[in-house]
file coords37.txt (compact mmCIF, C-alpha atoms)
# COMPACT_ATOMS: atom_id res chain seq x y z
CA MET A 1 -18.46 18.70 16.08
CA SER A 2 -19.51 16.98 19.30
CA GLU A 3 -17.04 16.12 22.06
CA LYS A 4 -17.79 12.43 21.49
CA TYR A 5 -16.60 12.56 17.88
CA LEU A 6 -13.55 14.64 18.75
CA THR A 7 -12.52 12.03 21.33
CA LEU A 8 -13.14 9.21 18.88
CA ILE A 9 -11.01 10.88 16.21
CA LYS A 10 -8.23 11.49 18.73
CA GLU A 11 -8.27 7.82 19.75
CA SER A 12 -8.07 6.82 16.06
CA GLU A 13 -5.33 9.32 15.24
CA GLY A 14 -2.60 6.70 14.81
CA LEU A 15 -4.67 4.67 12.36
CA ILE A 16 -5.67 7.74 10.36
CA TYR A 17 -2.05 8.84 9.98
CA LYS A 18 -0.92 5.33 9.02
CA ILE A 19 -3.40 5.21 6.16
CA ALA A 20 -2.97 8.85 5.14
CA SER A 21 0.83 8.62 5.07
CA LYS A 22 0.58 6.15 2.19
CA TYR A 23 -0.68 8.99 -0.03
CA SER A 24 1.15 11.94 1.55
CA MET A 25 3.39 12.23 -1.52
CA TYR A 26 0.31 13.49 -3.38
CA TYR A 27 -1.36 15.69 -0.78
CA SER A 28 -0.81 17.43 2.53
CA ILE A 29 -0.91 14.94 5.39
CA ASP A 30 -3.09 17.40 7.32
CA ASP A 31 -5.67 17.49 4.53
CA LEU A 32 -5.71 13.71 4.35
CA TYR A 33 -6.08 13.51 8.13
CA GLN A 34 -9.16 15.72 8.01
CA VAL A 35 -10.66 13.57 5.25
CA GLY A 36 -9.82 10.40 7.18
CA SER A 37 -11.52 11.80 10.27
CA ILE A 38 -14.79 11.84 8.35
CA GLY A 39 -14.29 8.13 7.72
CA VAL A 40 -13.91 7.50 11.45
CA ILE A 41 -17.25 9.18 12.16
CA LYS A 42 -19.01 7.23 9.40
CA ALA A 43 -17.50 3.99 10.72
CA TYR A 44 -18.71 4.78 14.23
CA LYS A 45 -22.26 5.38 13.01
CA ASN A 46 -22.34 2.00 11.25
CA PHE A 47 -20.33 -0.07 13.71
CA LYS A 48 -22.21 -2.86 15.51
CA ARG A 49 -21.02 -3.12 19.10
CA ASP A 50 -22.00 -6.77 19.41
CA THR A 51 -19.56 -7.91 16.72
CA SER A 52 -16.20 -9.53 17.43
CA VAL A 53 -14.45 -7.26 14.94
CA LYS A 54 -12.35 -4.51 16.52
CA PHE A 55 -13.42 -0.96 15.76
CA SER A 56 -9.99 -0.11 14.31
CA THR A 57 -10.26 -3.03 11.85
CA TYR A 58 -13.76 -1.96 10.89
CA ALA A 59 -12.88 1.73 10.65
CA TYR A 60 -9.83 1.59 8.43
CA LYS A 61 -11.85 0.77 5.30
CA TYR A 62 -14.05 3.79 5.97
CA ILE A 63 -11.00 5.99 6.49
CA LEU A 64 -9.41 4.60 3.34
CA GLY A 65 -12.63 5.06 1.38
CA GLU A 66 -12.88 8.75 2.26
CA ILE A 67 -9.26 9.37 1.32
CA ILE A 68 -9.55 7.56 -2.01
CA GLU A 69 -12.78 9.36 -2.85
CA PHE A 70 -10.99 12.64 -2.11
CA ILE A 71 -8.13 11.64 -4.44
CA ARG A 72 -10.52 10.56 -7.21
CA THR A 73 -12.47 13.79 -6.97
CA ASP A 74 -9.41 16.02 -6.89
CA ARG A 75 -7.50 14.22 -9.67
CA ASN A 76 -4.41 16.42 -9.22
CA ILE A 77 -2.02 13.55 -8.51
CA ARG A 78 1.56 14.23 -9.50
CA VAL A 79 4.78 12.29 -9.04
CA SER A 80 7.91 14.24 -8.13
CA GLU A 81 10.65 14.67 -10.74
CA GLU A 82 13.05 12.81 -8.45
CA TYR A 83 10.75 9.77 -8.33
CA MET A 84 10.30 9.78 -12.10
CA SER A 85 14.04 10.11 -12.66
CA LEU A 86 14.82 7.16 -10.38
CA TYR A 87 12.04 5.07 -11.93
CA LYS A 88 13.38 5.69 -15.45
CA LYS A 89 16.88 4.81 -14.23
CA TYR A 90 15.48 1.62 -12.69
CA LEU A 91 13.99 0.56 -16.04
CA SER A 92 17.23 1.37 -17.87
CA VAL A 93 19.35 -0.56 -15.38
CA LYS A 94 16.98 -3.53 -15.58
CA THR A 95 17.40 -3.63 -19.36
CA LEU A 96 21.16 -3.16 -19.10
CA LEU A 97 21.67 -5.97 -16.57
CA THR A 98 19.31 -8.33 -18.39
CA THR A 99 21.35 -7.85 -21.56
CA ARG A 100 24.65 -8.17 -19.70
CA TYR A 101 23.75 -11.35 -17.81
CA GLY A 102 21.55 -12.90 -20.47
CA ARG A 103 18.79 -13.63 -17.97
CA GLU A 104 16.02 -11.98 -15.98
CA VAL A 105 17.66 -10.07 -13.13
CA THR A 106 16.28 -9.79 -9.62
CA PHE A 107 14.97 -6.67 -7.94
CA LYS A 108 17.81 -6.96 -5.43
CA GLU A 109 20.45 -6.97 -8.17
CA ILE A 110 18.97 -3.85 -9.79
CA CYS A 111 18.85 -1.95 -6.49
CA SER A 112 22.40 -3.03 -5.65
CA PHE A 113 23.65 -1.75 -9.02
CA MET A 114 21.80 1.55 -8.47
CA GLU A 115 23.08 1.75 -4.88
CA ILE A 116 19.57 2.44 -3.60
CA ASP A 117 17.76 0.86 -0.67
CA GLU A 118 15.28 -1.79 -1.83
CA SER A 119 12.43 -0.42 0.32
CA VAL A 120 12.94 3.06 -1.17
CA MET A 121 12.87 1.75 -4.74
CA PHE A 122 9.85 -0.41 -3.96
CA ASN A 123 7.95 2.63 -2.67
CA ILE A 124 8.83 4.61 -5.81
CA ILE A 125 7.54 1.84 -8.07
CA GLU A 126 4.34 1.52 -6.04
CA THR A 127 3.78 5.30 -6.11
CA ILE A 128 4.12 5.53 -9.86
CA SER A 129 2.01 2.41 -10.41
CA PHE A 130 -0.78 3.84 -8.26
CA THR A 131 -0.58 7.22 -10.00
CA LYS A 132 -0.87 5.64 -13.44
CA SER A 133 -3.86 3.58 -12.31
CA MET A 134 -5.66 6.67 -11.04
CA ASP A 135 -4.81 8.86 -14.02
CA GLU A 136 -5.95 6.81 -17.04
CA LYS A 137 -8.35 8.43 -19.52
CA ASP A 138 -10.34 10.68 -17.19
CA TYR A 139 -11.19 7.76 -14.91
CA ASP A 140 -13.20 6.03 -17.60
CA TYR A 141 -13.13 2.71 -15.77
CA GLY A 142 -15.55 -0.17 -15.82
CA ASN A 143 -16.59 -1.76 -12.52
CA ASP A 144 -13.89 -4.42 -12.83
CA LYS A 145 -11.15 -1.79 -13.16
CA ARG A 146 -12.44 0.20 -10.20
CA GLU A 147 -12.60 -2.93 -8.08
CA GLU A 148 -9.07 -3.85 -9.10
CA ILE A 149 -7.75 -0.46 -7.98
CA ASP A 150 -9.72 -0.56 -4.72
CA ASN A 151 -8.39 -4.05 -3.95
CA ARG A 152 -4.84 -2.93 -4.68
CA ILE A 153 -5.23 0.00 -2.30
CA LEU A 154 -6.61 -2.29 0.40
CA LEU A 155 -3.62 -4.59 -0.01
CA ASP A 156 -1.22 -1.66 0.17
CA THR A 157 -2.91 -0.45 3.33
CA GLU A 158 -2.68 -3.92 4.86
CA LEU A 159 1.06 -3.88 4.10
CA SER A 160 1.47 -0.53 5.83
CA LEU A 161 -0.04 -1.99 9.02
CA MET A 162 2.30 -5.03 9.13
CA ASP A 163 5.52 -5.32 11.09
CA ASP A 164 8.79 -5.19 9.13
CA PHE A 165 9.27 -8.95 8.80
CA ASP A 166 5.76 -9.69 7.50
CA ARG A 167 5.81 -6.74 5.11
CA GLN A 168 9.17 -7.73 3.64
CA LEU A 169 8.00 -11.32 3.25
CA ILE A 170 4.93 -10.28 1.24
CA GLU A 171 6.89 -7.71 -0.79
CA TYR A 172 9.53 -10.27 -1.78
CA ARG A 173 7.01 -13.02 -2.53
CA TYR A 174 4.26 -11.10 -4.34
CA TYR A 175 5.74 -7.84 -5.58
CA GLN A 176 9.26 -8.94 -6.48
CA GLY A 177 8.51 -12.54 -7.49
CA TYR A 178 10.92 -14.30 -5.13
CA THR A 179 10.43 -18.00 -4.42
CA GLN A 180 9.94 -19.11 -0.81
CA SER A 181 13.52 -20.36 -0.80
CA GLU A 182 14.92 -17.06 -2.11
CA THR A 183 12.80 -15.12 0.38
CA ALA A 184 14.07 -17.29 3.22
CA ASP A 185 17.68 -16.59 2.20
CA VAL A 186 17.11 -12.83 2.09
CA LEU A 187 15.30 -12.75 5.45
CA GLY A 188 17.73 -15.17 7.10
CA VAL A 189 15.15 -17.75 8.12
CA SER A 190 14.15 -21.25 7.02
CA GLN A 191 11.88 -21.94 4.06
CA VAL A 192 9.47 -23.65 6.46
CA LYS A 193 9.27 -20.42 8.47
CA VAL A 194 8.48 -18.44 5.33
CA SER A 195 5.83 -20.93 4.23
CA ARG A 196 4.06 -20.97 7.59
CA GLN A 197 4.23 -17.22 8.10
CA GLU A 198 3.06 -16.49 4.57
CA LYS A 199 -0.02 -18.63 5.12
CA LEU A 200 -0.82 -16.85 8.39
CA ILE A 201 -0.34 -13.42 6.82
CA LEU A 202 -2.61 -14.18 3.85
CA GLU A 203 -5.32 -15.55 6.13
CA ARG A 204 -5.12 -12.44 8.29
CA MET A 205 -5.20 -10.11 5.29
CA LYS A 206 -8.22 -11.92 3.85
CA SER A 207 -10.02 -11.70 7.18
CA ASN A 208 -9.31 -7.96 7.55
CA ILE A 209 -10.26 -7.07 3.98
CA CYS A 210 -13.47 -9.11 4.02
CA ALA A 211 -14.50 -8.01 7.53
call {"tool": "encode", "arguments": {"input": "coords37.txt", "output": "C-alpha cells"}}
result
Amino acid sequence: MSEKYLTLIKESEGLIYKIASKYSMYYSIDDLYQVGSIGVIKAYKNFKRDTSVKFSTYAYKYILGEIIEFIRTDRNIRVSEEYMSLYKKYLSVKTLLTTRYGREVTFKEICSFMEIDESVMFNIIETISFTKSMDEKDYDYGNDKREEIDNRILLDTELSLMDDFDRQLIEYRYYQGYTQSETADVLGVSQVKVSRQEKLILERMKSNICA
C-alpha cells in the first residue's frame, strides 16, 4: 500500500473506529478497522475536491458500506447470552408493568424497575434488532427490505457521531416514543429547545445521509 493511502487511513482512524465500534459486538474491532480502511481508499478515489462536502462526511458511507458488506458476506452474527438474557427480562418486565399499571409503560419505567442504565438497555435492543434484521431467511430480501436495513444502519451511524445531548434527544423522541414535552422533562430543558434542536438535527442528518 502506498504511503499516501497509509497517511489517509491514519488521518481517518477516528472515523473508522467510530463506525466500526457500532458492530464490534459481532466481530473483532481490528478486523472491522481493516475493512473500513478499504472504504477510506475507495472514498478517496471517488471524492471530488471541488465539492463543499467534507471528506469525512463523504467517506463515512464508504466505510460503512465496506463493513456492512463484510457482515453480510460473513453471516456469522451472534448475540451474547448476556444480551439475550437481559432482552428477555426486558420483555417480561414490560408485560408485568403493563399489567400492573393497566397502561403502556415507558422505557424509563422499565429500565428503572430492572435497575439498568437506559443507554445500556437501548444498545442491547438495537443490537438484537439489527441481528434479527440481518439474519432472516438466508438474506432473502427484496430491494425494499435491503434499503430499509441500509437506511437504519445509516441512522444508527449518524447517532454514533452525535454529541450526548443530540443523541439522547433523538433516542427519546424516535426510538422510545417520548413526546417533545416528555423529552424536555427528561433532558431538563424547555419544550421549545427540544423542538428547535430536533429540527436542526433532522436537517443535518438528512444532509449527511443524502450527501
call {"tool": "residues_around", "arguments": {"input": "coords37.txt", "residues": "Phe165 of chain A", "least_positions_apart": "5", "cutoff": "12 Å", "atoms": "all atoms listed in the file", "output": "PyMOL selection string"}}
result
chain A and resi 159-160+170-172+183-184+186-189+193-194+197-198+201
call {"tool": "residues_around", "arguments": {"input": "coords37.txt", "residues": "Gln34 of chain A", "least_positions_apart": "3", "cutoff": "12 Å", "atoms": "only C-alpha atoms", "output": "ChimeraX atom specification"}}
result
/A:6,9-10,13,16-17,20,27-31,37-41,63,66-67,70
call {"tool": "residues_around", "arguments": {"input": "coords37.txt", "residues": "Ser112 of chain A", "least_positions_apart": "4", "cutoff": "12 Å", "atoms": "all atoms listed in the file", "output": "PyMOL selection string"}}
result
chain A and resi 90+93-94+97+105-108+116-119+121
call {"tool": "atom_distance", "arguments": {"input": "coords37.txt", "atom1": "atom CA of Thr179 of chain A", "atom2": "atom CA of Cys111 of chain A"}}
result
18.2 Å
call {"tool": "atom_distance", "arguments": {"input": "coords37.txt", "atom1": "atom CA of Ile128 of chain A", "atom2": "atom CA of Met84 of chain A"}}
result
7.8 Å
call {"tool": "residues_near_point", "arguments": {"input": "coords37.txt", "point": "(-10.6, 4.2, 9.0)", "cutoff": "8 Å", "atoms": "all atoms listed in the file", "output": "MDAnalysis selection string"}}
result
chainID A and resid 12 15:16 19 36:37 39:40 43 56:65
call {"tool": "write_last_selection", "arguments": {"input": "coords37.txt", "atoms": "C-alpha atoms", "output": "mmCIF file, in the frame of the given file"}}
result
data_model
loop_
_atom_site.group_PDB
_atom_site.id
_atom_site.type_symbol
_atom_site.label_atom_id
_atom_site.label_comp_id
_atom_site.auth_asym_id
_atom_site.auth_seq_id
_atom_site.Cartn_x
_atom_site.Cartn_y
_atom_site.Cartn_z
ATOM 1 C CA SER A 12 -8.070 6.820 16.060
ATOM 2 C CA LEU A 15 -4.670 4.670 12.360
ATOM 3 C CA ILE A 16 -5.670 7.740 10.360
ATOM 4 C CA ILE A 19 -3.400 5.210 6.160
ATOM 5 C CA GLY A 36 -9.820 10.400 7.180
ATOM 6 C CA SER A 37 -11.520 11.800 10.270
ATOM 7 C CA GLY A 39 -14.290 8.130 7.720
ATOM 8 C CA VAL A 40 -13.910 7.500 11.450
ATOM 9 C CA ALA A 43 -17.500 3.990 10.720
ATOM 10 C CA SER A 56 -9.990 -0.110 14.310
ATOM 11 C CA THR A 57 -10.260 -3.030 11.850
ATOM 12 C CA TYR A 58 -13.760 -1.960 10.890
ATOM 13 C CA ALA A 59 -12.880 1.730 10.650
ATOM 14 C CA TYR A 60 -9.830 1.590 8.430
ATOM 15 C CA LYS A 61 -11.850 0.770 5.300
ATOM 16 C CA TYR A 62 -14.050 3.790 5.970
ATOM 17 C CA ILE A 63 -11.000 5.990 6.490
ATOM 18 C CA LEU A 64 -9.410 4.600 3.340
ATOM 19 C CA GLY A 65 -12.630 5.060 1.380
#
call {"tool": "atom_distance", "arguments": {"input": "coords37.txt", "atom1": "atom CA of Met205 of chain A", "atom2": "atom CA of Gly177 of chain A"}}
result
18.9 Å
call {"tool": "closest_residue", "arguments": {"input": "coords37.txt", "among": "A:Leu202, A:Leu8, A:Leu86, A:Ile110", "to": "Met162 of chain A", "atoms": "all atoms listed in the file"}}
result
A:Leu202
